[in-house]
$ cat data-v4.txt   # compact mmCIF, N, CA and C atoms
# COMPACT_ATOMS: atom_id res chain seq x y z
N MET A 133 82.29 126.26 121.03
CA MET A 133 82.08 125.71 119.70
C MET A 133 82.61 126.69 118.65
N PRO A 134 83.50 126.24 117.79
CA PRO A 134 84.01 127.12 116.75
C PRO A 134 83.00 127.31 115.63
N TYR A 135 83.22 128.32 114.87
CA TYR A 135 82.42 128.63 113.68
C TYR A 135 80.95 128.87 113.99
N THR A 136 80.66 129.59 115.07
CA THR A 136 79.26 129.90 115.35
C THR A 136 78.83 131.16 114.61
N LYS A 137 79.78 132.03 114.32
CA LYS A 137 79.44 133.29 113.66
C LYS A 137 79.78 133.31 112.17
N LYS A 138 80.58 132.34 111.72
CA LYS A 138 80.96 132.32 110.31
C LYS A 138 80.92 130.88 109.80
N PRO A 139 80.81 130.69 108.49
CA PRO A 139 80.72 129.32 107.96
C PRO A 139 82.05 128.58 108.11
N ARG A 140 81.96 127.28 108.19
CA ARG A 140 83.13 126.43 108.35
C ARG A 140 83.92 126.37 107.04
N PRO A 141 85.25 126.55 107.10
CA PRO A 141 86.06 126.56 105.86
C PRO A 141 86.43 125.15 105.40
N TYR A 142 85.48 124.46 104.80
CA TYR A 142 85.69 123.08 104.36
C TYR A 142 86.85 122.96 103.38
N LYS A 143 86.94 123.90 102.46
CA LYS A 143 87.99 123.85 101.44
C LYS A 143 89.37 123.94 102.09
N LYS A 144 89.50 124.82 103.07
CA LYS A 144 90.78 124.98 103.78
C LYS A 144 91.13 123.71 104.55
N GLU A 145 90.13 123.12 105.21
CA GLU A 145 90.36 121.89 105.97
C GLU A 145 90.80 120.76 105.05
N TYR A 146 90.18 120.68 103.88
CA TYR A 146 90.52 119.65 102.90
C TYR A 146 91.97 119.81 102.44
N GLU A 147 92.38 121.03 102.15
CA GLU A 147 93.75 121.29 101.72
C GLU A 147 94.74 120.93 102.83
N GLN A 148 94.38 121.22 104.08
CA GLN A 148 95.26 120.88 105.21
C GLN A 148 95.39 119.37 105.35
N GLN A 149 94.30 118.64 105.14
CA GLN A 149 94.35 117.18 105.21
C GLN A 149 95.31 116.62 104.16
N LYS A 150 95.25 117.18 102.96
CA LYS A 150 96.13 116.70 101.89
C LYS A 150 97.59 117.00 102.24
N GLU A 151 97.86 118.17 102.80
CA GLU A 151 99.22 118.53 103.17
C GLU A 151 99.77 117.61 104.25
N ARG A 152 98.92 117.22 105.20
CA ARG A 152 99.36 116.36 106.30
C ARG A 152 99.47 114.90 105.87
N GLY A 153 98.98 114.57 104.68
CA GLY A 153 99.07 113.20 104.21
C GLY A 153 97.92 112.32 104.67
N GLU A 154 96.86 112.90 105.19
CA GLU A 154 95.72 112.12 105.67
C GLU A 154 94.81 111.70 104.52
N HIS A 155 94.86 112.44 103.46
CA HIS A 155 93.93 112.22 102.34
C HIS A 155 94.13 110.85 101.70
N GLY A 156 95.37 110.45 101.48
CA GLY A 156 95.66 109.18 100.83
C GLY A 156 95.15 107.99 101.63
N ASN A 157 95.36 108.02 102.94
CA ASN A 157 94.89 106.92 103.79
C ASN A 157 93.37 106.85 103.82
N ARG A 158 92.73 108.02 103.83
CA ARG A 158 91.26 108.03 103.83
C ARG A 158 90.72 107.42 102.55
N MET A 159 91.36 107.73 101.42
CA MET A 159 90.93 107.17 100.15
C MET A 159 91.15 105.66 100.11
N GLU A 160 92.25 105.20 100.72
CA GLU A 160 92.55 103.77 100.78
C GLU A 160 91.47 103.04 101.59
N ARG A 161 91.06 103.63 102.71
CA ARG A 161 90.00 103.04 103.53
C ARG A 161 88.68 102.99 102.77
N GLN A 162 88.40 104.06 102.04
CA GLN A 162 87.16 104.14 101.28
C GLN A 162 87.13 103.09 100.17
N ARG A 163 88.27 102.90 99.49
CA ARG A 163 88.34 101.87 98.44
C ARG A 163 88.11 100.48 99.02
N ALA A 164 88.64 100.24 100.22
CA ALA A 164 88.47 98.93 100.86
C ALA A 164 87.00 98.69 101.20
N ARG A 165 86.33 99.71 101.72
CA ARG A 165 84.89 99.57 102.03
C ARG A 165 84.08 99.31 100.78
N ARG A 166 84.37 100.05 99.74
CA ARG A 166 83.62 99.89 98.49
C ARG A 166 83.86 98.52 97.85
N ALA A 167 85.08 98.01 97.97
CA ALA A 167 85.37 96.68 97.43
C ALA A 167 84.56 95.62 98.18
N MET A 168 84.45 95.76 99.50
CA MET A 168 83.64 94.82 100.29
C MET A 168 82.18 94.88 99.86
N ASP A 169 81.68 96.10 99.66
CA ASP A 169 80.29 96.27 99.23
C ASP A 169 80.07 95.64 97.86
N LYS A 170 81.04 95.79 96.97
CA LYS A 170 80.91 95.25 95.62
C LYS A 170 80.87 93.72 95.64
N LYS A 171 81.61 93.11 96.59
CA LYS A 171 81.59 91.65 96.72
C LYS A 171 80.26 91.16 97.30
N GLY A 172 79.49 92.08 97.86
CA GLY A 172 78.21 91.69 98.44
C GLY A 172 78.32 91.27 99.90
N VAL A 173 79.41 91.63 100.55
CA VAL A 173 79.60 91.27 101.96
C VAL A 173 78.73 92.17 102.83
N ASP A 174 78.01 91.56 103.76
CA ASP A 174 77.20 92.33 104.71
C ASP A 174 78.12 92.80 105.83
N ARG A 175 78.44 94.08 105.84
CA ARG A 175 79.36 94.60 106.84
C ARG A 175 78.65 95.47 107.86
N LYS A 176 77.37 95.23 108.04
CA LYS A 176 76.58 96.02 108.97
C LYS A 176 77.12 95.88 110.40
N GLY A 177 77.47 97.01 111.00
CA GLY A 177 77.97 97.01 112.36
C GLY A 177 79.42 96.62 112.49
N LYS A 178 80.12 96.47 111.37
CA LYS A 178 81.52 96.05 111.40
C LYS A 178 82.41 97.11 110.73
N ASP A 179 83.68 97.09 111.07
CA ASP A 179 84.68 97.92 110.40
C ASP A 179 85.45 97.06 109.41
N VAL A 180 85.91 97.69 108.34
CA VAL A 180 86.81 97.01 107.42
C VAL A 180 88.22 97.32 107.91
N ALA A 181 88.89 96.31 108.45
CA ALA A 181 90.21 96.49 109.04
C ALA A 181 91.28 96.00 108.08
N HIS A 182 92.39 96.70 108.04
CA HIS A 182 93.52 96.28 107.21
C HIS A 182 94.38 95.32 108.00
N ASN A 183 94.85 94.25 107.34
CA ASN A 183 95.71 93.28 108.01
C ASN A 183 96.99 93.94 108.49
N LYS A 184 97.59 94.80 107.65
CA LYS A 184 98.71 95.62 108.08
C LYS A 184 98.20 97.05 108.12
N PRO A 185 98.18 97.69 109.28
CA PRO A 185 97.59 99.02 109.40
C PRO A 185 98.20 100.03 108.43
N LEU A 186 97.34 100.92 107.94
CA LEU A 186 97.81 101.95 107.01
C LEU A 186 98.85 102.83 107.69
N SER A 187 98.72 103.03 109.00
CA SER A 187 99.67 103.86 109.72
C SER A 187 101.05 103.22 109.78
N LYS A 188 101.11 101.89 109.56
CA LYS A 188 102.39 101.18 109.57
C LYS A 188 102.87 100.87 108.15
N GLY A 189 102.29 101.54 107.17
CA GLY A 189 102.73 101.36 105.79
C GLY A 189 101.95 100.32 105.01
N GLY A 190 100.82 99.85 105.54
CA GLY A 190 100.03 98.85 104.85
C GLY A 190 99.21 99.44 103.71
N SER A 191 98.55 98.56 102.97
CA SER A 191 97.67 98.99 101.88
C SER A 191 96.57 97.96 101.72
N ASN A 192 95.68 98.21 100.78
CA ASN A 192 94.61 97.25 100.52
C ASN A 192 95.18 95.94 99.97
N GLY A 193 96.32 96.01 99.32
CA GLY A 193 96.96 94.82 98.77
C GLY A 193 97.42 93.85 99.85
N ASP A 194 97.63 94.36 101.06
CA ASP A 194 98.05 93.50 102.18
C ASP A 194 96.87 92.71 102.74
N GLY A 195 95.67 93.05 102.33
CA GLY A 195 94.49 92.32 102.76
C GLY A 195 93.66 93.11 103.76
N VAL A 196 92.37 92.85 103.72
CA VAL A 196 91.43 93.48 104.65
C VAL A 196 90.51 92.41 105.23
N ARG A 197 89.91 92.72 106.35
CA ARG A 197 88.98 91.78 106.99
C ARG A 197 87.92 92.59 107.73
N LEU A 198 86.82 91.93 108.03
CA LEU A 198 85.78 92.55 108.84
C LEU A 198 86.13 92.34 110.31
N GLN A 199 85.92 93.38 111.10
CA GLN A 199 86.25 93.30 112.51
C GLN A 199 85.28 94.19 113.27
N SER A 200 85.02 93.84 114.52
CA SER A 200 84.13 94.68 115.32
C SER A 200 84.80 96.04 115.53
N PRO A 201 84.01 97.10 115.57
CA PRO A 201 84.59 98.44 115.73
C PRO A 201 85.45 98.58 116.98
N SER A 202 85.04 97.96 118.08
CA SER A 202 85.82 98.12 119.31
C SER A 202 87.19 97.47 119.18
N LYS A 203 87.27 96.31 118.54
CA LYS A 203 88.57 95.64 118.35
C LYS A 203 89.44 96.42 117.37
N ASN A 204 88.84 96.87 116.26
CA ASN A 204 89.61 97.56 115.23
C ASN A 204 90.18 98.87 115.75
N ARG A 205 89.40 99.61 116.51
CA ARG A 205 89.85 100.93 116.98
C ARG A 205 90.77 100.83 118.16
N ALA A 206 90.75 99.69 118.85
CA ALA A 206 91.67 99.49 119.97
C ALA A 206 93.00 98.94 119.50
N ALA A 207 93.05 98.39 118.30
CA ALA A 207 94.28 97.78 117.79
C ALA A 207 95.38 98.81 117.67
N GLY A 208 96.58 98.42 118.09
CA GLY A 208 97.71 99.33 117.99
C GLY A 208 97.92 100.17 119.22
N GLY A 209 96.99 100.12 120.15
CA GLY A 209 97.12 100.90 121.37
C GLY A 209 97.93 100.15 122.42
N ALA A 210 98.07 100.75 123.56
CA ALA A 210 98.87 100.15 124.64
C ALA A 210 98.27 98.83 125.13
N LEU A 211 96.95 98.71 125.06
CA LEU A 211 96.31 97.51 125.57
C LEU A 211 96.45 96.32 124.63
N SER A 212 96.76 96.58 123.36
CA SER A 212 96.84 95.48 122.40
C SER A 212 98.24 94.87 122.33
N LYS A 213 99.19 95.50 123.00
CA LYS A 213 100.56 94.97 122.97
C LYS A 213 100.73 93.89 124.03
N PRO A 214 101.47 92.85 123.73
CA PRO A 214 101.70 91.82 124.75
C PRO A 214 102.59 92.38 125.86
N PRO A 215 102.42 91.91 127.07
CA PRO A 215 103.24 92.44 128.17
C PRO A 215 104.71 92.08 127.96
N ARG A 216 105.57 93.01 128.32
CA ARG A 216 107.00 92.80 128.17
C ARG A 216 107.50 91.92 129.31
N SER A 217 108.40 91.01 129.00
CA SER A 217 108.97 90.17 130.05
C SER A 217 110.12 90.93 130.70
N ARG A 218 110.15 90.89 131.98
CA ARG A 218 111.19 91.61 132.71
C ARG A 218 112.36 90.68 132.98
N LYS A 219 113.53 91.19 132.70
CA LYS A 219 114.74 90.40 132.95
C LYS A 219 115.32 90.83 134.29
N LYS A 220 115.72 89.84 135.07
CA LYS A 220 116.28 90.16 136.38
C LYS A 220 117.75 89.95 136.42
$ encode --input "data-v4.txt" --output "structure tokens"
Amino acid sequence: MPYTKKPRPYKKEYEQQKERGEHGNRMERQRARRAMDKKGVDRKGKDVAHNKPLSKGGSNGDGVRLQSPSKNRAAGGALSKPPRSRKK
């Protein structure tokens, strides 16, 4: 376990996230969740999923939906792709 003898450098981690470009996507996800809450949608036990994933260049403007966590987190992986047809 890291940081057992010294405090965790949160400020440094935050700066690294911004440099890697993770900060913008996190803020986009947070805005989507807050917008759902403002509408009064009960999202208990659900994830707010983007119709076009943020990793593929999507945004909140592309639309969001409620989805089960297992489906949302599995999306985009090898199991979610349709099988390729083999040509002989």
$ atom_distance --input "data-v4.txt" --atom1 "atom C of A:Arg161" --atom2 "atom C of A:Lys144"
20.9 Å
$ atom_distance --input "data-v4.txt" --atom1 "atom CA of A:Ser200" --atom2 "atom CA of A:Met159"
20.8 Å
$ atom_distance --input "data-v4.txt" --atom1 "atom C of A:Lys137" --atom2 "atom CA of A:His155"
27.2 Å
$ select_by_dssp --input "data-v4.txt" --residues "stretch 151-208 of chain A" --states "strand (DSSP E)" --output "VMD selection string"
chain A and resid 179 to 182 196 to 199
$ select_by_dssp --input "data-v4.txt" --residues "chain A" --states "helix (DSSP H, G or I)" --output "PyMOL selection string"
chain A and resi 142-152+154-171+186-188+192-194+201-206+210-212
$ residues_near_point --input "data-v4.txt" --point "(92.7, 95.7, 98.8)" --cutoff "8 Å" --atoms "all atoms listed in the file" --output "mmCIF file with N, CA and C atoms, keeping the file's coordinate frame"
data_model
loop_
_atom_site.group_PDB
_atom_site.id
_atom_site.type_symbol
_atom_site.label_atom_id
_atom_site.label_comp_id
_atom_site.auth_asym_id
_atom_site.auth_seq_id
_atom_site.Cartn_x
_atom_site.Cartn_y
_atom_site.Cartn_z
ATOM 1 N N GLU A 160 92.250 105.200 100.720
ATOM 2 C CA GLU A 160 92.550 103.770 100.780
ATOM 3 C C GLU A 160 91.470 103.040 101.590
ATOM 4 N N ARG A 163 88.270 102.900 99.490
ATOM 5 C CA ARG A 163 88.340 101.870 98.440
ATOM 6 C C ARG A 163 88.110 100.480 99.020
ATOM 7 N N ALA A 164 88.640 100.240 100.220
ATOM 8 C CA ALA A 164 88.470 98.930 100.860
ATOM 9 C C ALA A 164 87.000 98.690 101.200
ATOM 10 N N ALA A 167 85.080 98.010 97.970
ATOM 11 C CA ALA A 167 85.370 96.680 97.430
ATOM 12 C C ALA A 167 84.560 95.620 98.180
ATOM 13 N N SER A 191 98.550 98.560 102.970
ATOM 14 C CA SER A 191 97.670 98.990 101.880
ATOM 15 C C SER A 191 96.570 97.960 101.720
ATOM 16 N N ASN A 192 95.680 98.210 100.780
ATOM 17 C CA ASN A 192 94.610 97.250 100.520
ATOM 18 C C ASN A 192 95.180 95.940 99.970
ATOM 19 N N GLY A 193 96.320 96.010 99.320
ATOM 20 C CA GLY A 193 96.960 94.820 98.770
ATOM 21 C C GLY A 193 97.420 93.850 99.850
ATOM 22 N N ASP A 194 97.630 94.360 101.060
ATOM 23 C CA ASP A 194 98.050 93.500 102.180
ATOM 24 C C ASP A 194 96.870 92.710 102.740
ATOM 25 N N GLY A 195 95.670 93.050 102.330
ATOM 26 C CA GLY A 195 94.490 92.320 102.760
ATOM 27 C C GLY A 195 93.660 93.110 103.760
ATOM 28 N N VAL A 196 92.370 92.850 103.720
ATOM 29 C CA VAL A 196 91.430 93.480 104.650
ATOM 30 C C VAL A 196 90.510 92.410 105.230
#
$ closest_residue --input "data-v4.txt" --among "A:Arg166, A:Lys219, A:Arg140, A:Arg197" --to "A:Val180" --atoms "all atoms listed in the file"
A:Arg197
$ closest_residue --input "data-v4.txt" --among "A:Gly209, A:Ala181, A:Lys203, A:Lys150" --to "A:Arg165" --atoms "only N, CA and C atoms"
A:Ala181
